[in-house]
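Asks: This is the structure, below, for whatever I ask next.
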Amino acid sequence: ATKFAQEGAQVAFTYLSSVEKGLALEAELAAHGIRAKGYRSDASDFKAAEELVNAVVADFGTLDILVNNAGITRDNLLMRMTEESWDEIMNINLKSCFNTVKAATRVMMKAKSGSIINMTSVVGVKGNAGQANYAASKAGMVAMTKSIARAYAKDGIYAFAICPGFTMTAMAEDYLASRGGDKLLADIPLGKVADPEEVAAMVKFCALDAPPSMTGAVLDV
């Protein structure tokens, strides 16, 4: 959100935390001289996603770029994984993508323009022990992105999947605290985890700078 505000884009964002936090982010983004508005919305709720897109269009006039960034983990070995933790991951990580894309493409098709960027994970490509649910949800987003790219290219709508490796977010800090990071760092060529700003730069590239012929690309960070 900050990266796009710095580029002069108007920013609509969603959150599930407190309204106070949402308002604080609005103010932080608006300090860049752009219009920003937060919407408290659950992306895994089909009807809520439709209402969200309608509200954004009513407030901003259109929707040019959609970034699907909702995601959680519920890690466990498959033999110990519950049906509830499988379903929760699929609803929040994968179904949310379906919900928002279905609503947003109606707007983008009318404009004959749009970018859809789905935040997946390297785990969705290579898998990971103890993350069968998470890996499956992220792999589903990769396949969905490729399908969206094929379906909507003729309408001027382009889709990209970004697969971050380990990135220093609150989720990553919890993971490191519970599992340790030596082996993880050994698998990363630079020997360090990525900064969120590096991932944001790739999102900006896909939305604003990538050539149309790249639609459907799956990009690692």
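Residues are referred to by chain and number: the chain letter is A, B, ... according to the order shown in the structure tokens, the number counts from 1 in that chain, and ligands are numbered separately from 1 in the order shown.
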Quick one: residues within 7 Å of range 143-147 of chain A, only C-alpha atoms, excluding same-chain residues fewer than 5 positions away - as a list in words?
Replies: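 Residues near the query, excluding close chain neighbours: Ala159, Phe160, Ala161 and Gly216 of chain A.
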Asks: Determine, counting only C-alpha atoms, which protein, DNA and RNA residues have an atom within 8 Å of an atom of range 48-59 of chain A; residues of the same chain fewer than 4 positions away are not included. Present the result as a VMD selection string.
Replies: chain A and resid 12 39 41 to 44 63 96 99 to 100 103 to 104
Asks: Write out, as a PDB file, in the first residue's frame, the residues just selected, with N, CA, C and O atoms.
Replies:
ATOM      1  N   ALA A  12      -7.159   1.768  -2.061  1.00  0.00           N
ATOM      2  CA  ALA A  12      -8.214   1.167  -1.242  1.00  0.00           C
ATOM      3  C   ALA A  12      -7.628  -0.113  -0.656  1.00  0.00           C
ATOM      4  O   ALA A  12      -7.068  -0.928  -1.380  1.00  0.00           O
ATOM      5  N   TYR A  39     -11.280  -0.544   4.209  1.00  0.00           N
ATOM      6  CA  TYR A  39     -12.578  -1.219   4.292  1.00  0.00           C
ATOM      7  C   TYR A  39     -12.404  -2.450   5.165  1.00  0.00           C
ATOM      8  O   TYR A  39     -11.573  -3.319   4.866  1.00  0.00           O
ATOM      9  N   SER A  41     -13.214  -5.798   5.858  1.00  0.00           N
ATOM     10  CA  SER A  41     -13.874  -6.793   5.016  1.00  0.00           C
ATOM     11  C   SER A  41     -13.144  -8.121   5.096  1.00  0.00           C
ATOM     12  O   SER A  41     -11.911  -8.173   5.139  1.00  0.00           O
ATOM     13  N   ASP A  42     -13.907  -9.203   5.111  1.00  0.00           N
ATOM     14  CA  ASP A  42     -13.376 -10.562   5.139  1.00  0.00           C
ATOM     15  C   ASP A  42     -13.353 -11.095   3.715  1.00  0.00           C
ATOM     16  O   ASP A  42     -14.398 -11.381   3.134  1.00  0.00           O
ATOM     17  N   ALA A  43     -12.160 -11.238   3.141  1.00  0.00           N
ATOM     18  CA  ALA A  43     -12.034 -11.657   1.742  1.00  0.00           C
ATOM     19  C   ALA A  43     -12.535 -13.079   1.500  1.00  0.00           C
ATOM     20  O   ALA A  43     -12.858 -13.438   0.370  1.00  0.00           O
ATOM     21  N   SER A  44     -12.619 -13.895   2.546  1.00  0.00           N
ATOM     22  CA  SER A  44     -13.091 -15.271   2.365  1.00  0.00           C
ATOM     23  C   SER A  44     -14.609 -15.359   2.257  1.00  0.00           C
ATOM     24  O   SER A  44     -15.161 -16.417   1.966  1.00  0.00           O
ATOM     25  N   LEU A  63     -11.672   0.517 -10.618  1.00  0.00           N
ATOM     26  CA  LEU A  63     -10.703  -0.349  -9.957  1.00  0.00           C
ATOM     27  C   LEU A  63      -9.706  -0.798 -11.010  1.00  0.00           C
ATOM     28  O   LEU A  63     -10.051  -1.546 -11.922  1.00  0.00           O
ATOM     29  N   SER A  96     -10.688 -16.706  -1.220  1.00  0.00           N
ATOM     30  CA  SER A  96     -10.687 -15.241  -1.236  1.00  0.00           C
ATOM     31  C   SER A  96     -10.267 -14.716  -2.600  1.00  0.00           C
ATOM     32  O   SER A  96     -10.783 -13.705  -3.078  1.00  0.00           O
ATOM     33  N   ASN A  99     -13.169 -15.031  -4.886  1.00  0.00           N
ATOM     34  CA  ASN A  99     -14.205 -14.045  -4.540  1.00  0.00           C
ATOM     35  C   ASN A  99     -13.901 -12.673  -5.123  1.00  0.00           C
ATOM     36  O   ASN A  99     -14.757 -12.037  -5.754  1.00  0.00           O
ATOM     37  N   THR A 100     -12.691 -12.180  -4.892  1.00  0.00           N
ATOM     38  CA  THR A 100     -12.366 -10.816  -5.318  1.00  0.00           C
ATOM     39  C   THR A 100     -12.158 -10.723  -6.819  1.00  0.00           C
ATOM     40  O   THR A 100     -12.550  -9.732  -7.437  1.00  0.00           O
ATOM     41  N   ALA A 103     -15.516 -10.575  -8.619  1.00  0.00           N
ATOM     42  CA  ALA A 103     -16.160  -9.266  -8.508  1.00  0.00           C
ATOM     43  C   ALA A 103     -15.408  -8.198  -9.296  1.00  0.00           C
ATOM     44  O   ALA A 103     -16.021  -7.347  -9.955  1.00  0.00           O
ATOM     45  N   ALA A 104     -14.081  -8.232  -9.249  1.00  0.00           N
ATOM     46  CA  ALA A 104     -13.277  -7.169  -9.872  1.00  0.00           C
ATOM     47  C   ALA A 104     -13.268  -7.249 -11.391  1.00  0.00           C
ATOM     48  O   ALA A 104     -13.231  -6.215 -12.069  1.00  0.00           O
TER      49      ALA A 104
END
Asks: Interatomic distance between CA of Cys163 in chain A and CA of Thr120 in chain A?
Replies: 4.9 Å
Asks: Which residue out of A:Ile188, A:Leu25, A:Ala30, A:Ala136 has the minimum interatomic distance to Met90 in chain A when only C-alpha atoms are used?
Replies: A:Ala136
Asks: Applying 7 Å and only C-alpha atoms, which residues near range 75-81 of chain A remain after dropping the ones on its own chain fewer than 6 positions away? List them as a VMD selection string.
Replies: chain A and resid 129 to 132
Asks: If you keep N, CA and C atoms, can you produce a file of those selected residues as a PDB file, in the first residue's frame?
Replies:
ATOM      1  N   ALA A 129       7.078 -29.806   4.062  1.00  0.00           N
ATOM      2  CA  ALA A 129       6.563 -30.732   5.079  1.00  0.00           C
ATOM      3  C   ALA A 129       5.858 -29.940   6.174  1.00  0.00           C
ATOM      4  N   GLY A 130       4.690 -30.421   6.579  1.00  0.00           N
ATOM      5  CA  GLY A 130       3.926 -29.759   7.619  1.00  0.00           C
ATOM      6  C   GLY A 130       3.072 -28.607   7.120  1.00  0.00           C
ATOM      7  N   GLN A 131       3.076 -28.378   5.798  1.00  0.00           N
ATOM      8  CA  GLN A 131       2.286 -27.288   5.230  1.00  0.00           C
ATOM      9  C   GLN A 131       1.479 -27.754   4.008  1.00  0.00           C
ATOM     10  N   ALA A 132       0.949 -28.969   4.082  1.00  0.00           N
ATOM     11  CA  ALA A 132       0.199 -29.500   2.938  1.00  0.00           C
ATOM     12  C   ALA A 132      -0.982 -28.605   2.588  1.00  0.00           C
TER      13      ALA A 132
END
Asks: Write out as a ChimeraX atom specification all residues of chain A that backbone DSSP assigns to strand (DSSP E or B).
Replies: /A:11-15,36-40,65-68,114-119,157-163,167,194,218-220
Asks: Using only C-alpha atoms for the distances, tell me which of A:Leu208, A:Leu219, A:Gly22, A:Val123 is nearest to Ile162 in chain A.
Replies: A:Leu219
Asks: Write out as a ChimeraX atom specification the residues lying within 7 Å of Val221 in chain A, counting only C-alpha atoms and excluding same-chain residues fewer than 5 positions away.
Replies: /A:163-165,199
Asks: Please, could you write that set of residues out with N, CA, C and O atoms as a compact mmCIF listing (two decimals), in the first residue's frame?
Replies:
# COMPACT_ATOMS: atom_id res chain seq x y z
N CYS A 163 5.57 -15.16 -6.01
CA CYS A 163 5.87 -16.22 -5.05
C CYS A 163 7.00 -15.78 -4.13
O CYS A 163 8.17 -16.07 -4.40
N PRO A 164 6.69 -15.07 -3.06
CA PRO A 164 7.76 -14.68 -2.14
C PRO A 164 8.35 -15.90 -1.44
O PRO A 164 7.65 -16.86 -1.13
N GLY A 165 9.65 -15.83 -1.23
CA GLY A 165 10.27 -16.76 -0.31
C GLY A 165 10.06 -16.20 1.10
O GLY A 165 9.12 -15.43 1.34
N VAL A 199 9.33 -7.26 -1.91
CA VAL A 199 8.13 -7.87 -2.49
C VAL A 199 7.22 -6.79 -3.06
O VAL A 199 6.65 -6.93 -4.14
Asks: Compile the contact shell of Ile157 in chain A as a list in words: residues with an atom at most 6 Å away, counting only C-alpha atoms, same-chain residues fewer than 5 positions apart removed.
Replies: Ser113, Gly114, Ser115 and Tyr152 of chain A
Asks: Kindly export the residues of the current selection with N, CA and C atoms, as a CSV table (one decimal), in the first residue's frame.
Replies:
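Just written: again_5.csv:
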chain,number,residue,atom,x,y,z
A,113,SER,N,-9.3,-2.9,-19.2
A,113,SER,CA,-8.0,-2.7,-18.6
A,113,SER,C,-8.0,-3.2,-17.1
A,114,GLY,N,-6.9,-3.7,-16.7
A,114,GLY,CA,-6.8,-4.1,-15.3
A,114,GLY,C,-5.6,-5.0,-15.1
A,115,SER,N,-5.1,-5.0,-13.8
A,115,SER,CA,-4.0,-5.9,-13.4
A,115,SER,C,-4.5,-6.6,-12.2
A,152,TYR,N,-8.6,-13.6,-19.8
A,152,TYR,CA,-8.9,-12.2,-19.9
A,152,TYR,C,-7.9,-11.4,-20.6
Asks: Looking at only C-alpha atoms, which of A:Glu26, A:Asp174, A:Glu198, A:Asp220 is the one that sits closest to Lys3 in chain A?
Replies: A:Glu198
Asks: Leaving out Val67 in chain A and any residue of its chain fewer than 3 positions from it, which residues lie within 8 Å of it when counting only C-alpha atoms, given as a list in words?
Replies: Ile116, Ile117, Asn118 and Met119 of chain A
Asks: Which of these, A:Leu190, A:Ala207, A:Val19, A:Ala5, has the shortest distance to Ala31 in chain A once you count only C-alpha atoms?
Replies: A:Ala5
Asks: Restricting the calculation to only C-alpha atoms, which member of A:Lys154, A:Lys183, A:Lys95, A:Arg106 is positioned closest to Asn68 in chain A?
Replies: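 That would be A:Lys95, the residue with the smallest distance to Asn68 in chain A.
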Asks: May I have all residues of range 43-150 of chain A that DSSP, computed from the backbone, assigns to alpha helix (DSSP H), given as an NGL selection string?
Replies: :A and (46-60 or 83-89 or 96-111 or 123-126 or 132-150)
Asks: Convert the current residue selection to file output with C-alpha atoms, as a short mmCIF file (atom, residue, chain, number, x, y, z; two decimals), in the first residue's frame.
Replies:
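Below is the file that was written, result.cif:
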data_model
loop_
_atom_site.label_atom_id
_atom_site.label_comp_id
_atom_site.auth_asym_id
_atom_site.auth_seq_id
_atom_site.Cartn_x
_atom_site.Cartn_y
_atom_site.Cartn_z
CA PHE A 46 -18.13 -14.22 -1.16
CA LYS A 47 -20.88 -11.66 -0.59
CA ALA A 48 -18.55 -9.38 1.39
CA ALA A 49 -16.03 -9.39 -1.47
CA GLU A 50 -18.74 -8.37 -3.94
CA GLU A 51 -19.91 -5.59 -1.63
CA LEU A 52 -16.30 -4.47 -1.17
CA VAL A 53 -15.66 -4.06 -4.90
CA ASN A 54 -18.96 -2.21 -5.33
CA ALA A 55 -18.02 0.13 -2.48
CA VAL A 56 -14.55 0.80 -3.90
CA VAL A 57 -15.99 1.62 -7.33
CA ALA A 58 -18.60 3.88 -5.73
CA ASP A 59 -15.91 5.71 -3.76
CA PHE A 60 -13.10 5.84 -6.33
CA GLU A 83 -10.45 -30.87 8.56
CA GLU A 84 -11.14 -27.45 10.09
CA SER A 85 -7.56 -26.24 9.58
CA TRP A 86 -7.62 -27.48 5.96
CA ASP A 87 -10.90 -25.70 5.23
CA GLU A 88 -9.84 -22.49 6.97
CA ILE A 89 -6.68 -22.26 4.86
CA SER A 96 -10.69 -15.24 -1.24
CA CYS A 97 -8.85 -15.00 -4.55
CA PHE A 98 -11.87 -16.39 -6.40
CA ASN A 99 -14.21 -14.05 -4.54
CA THR A 100 -12.37 -10.82 -5.32
CA VAL A 101 -11.35 -11.71 -8.87
CA LYS A 102 -14.91 -12.62 -9.79
CA ALA A 103 -16.16 -9.27 -8.51
CA ALA A 104 -13.28 -7.17 -9.87
CA THR A 105 -13.19 -8.57 -13.40
CA ARG A 106 -16.72 -7.29 -14.07
CA VAL A 107 -15.41 -3.78 -13.48
CA MET A 108 -12.17 -4.31 -15.38
CA MET A 109 -13.89 -5.83 -18.42
CA LYS A 110 -15.98 -2.69 -18.84
CA ALA A 111 -12.81 -0.58 -18.71
CA VAL A 123 5.86 -23.23 -0.98
CA GLY A 124 3.07 -23.41 -3.59
CA VAL A 125 5.68 -24.49 -6.15
CA LYS A 126 8.05 -26.73 -4.17
CA ALA A 132 0.20 -29.50 2.94
CA ASN A 133 -2.82 -27.23 3.35
CA TYR A 134 -0.87 -23.98 2.86
CA ALA A 135 1.10 -25.36 -0.11
CA ALA A 136 -2.06 -26.64 -1.80
CA SER A 137 -3.81 -23.29 -1.38
CA LYS A 138 -0.86 -21.39 -2.83
CA ALA A 139 -0.45 -23.84 -5.71
CA GLY A 140 -4.13 -23.31 -6.43
CA MET A 141 -3.51 -19.57 -6.67
CA VAL A 142 -0.72 -20.17 -9.18
CA ALA A 143 -2.99 -22.29 -11.39
CA MET A 144 -5.82 -19.80 -11.03
CA THR A 145 -3.53 -16.94 -12.09
CA LYS A 146 -2.52 -18.78 -15.25
CA SER A 147 -6.19 -19.48 -16.01
CA ILE A 148 -7.17 -15.82 -15.43
CA ALA A 149 -4.37 -14.71 -17.76
CA ARG A 150 -5.65 -16.96 -20.55
#
Asks: Counting only C-alpha atoms, which of A:Gly8, A:Arg40, A:Glu197, A:Thr62 gets nearest to Leu23 in chain A?
Replies: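 For Leu23 in chain A, the nearest of the given residues is A:Arg40.
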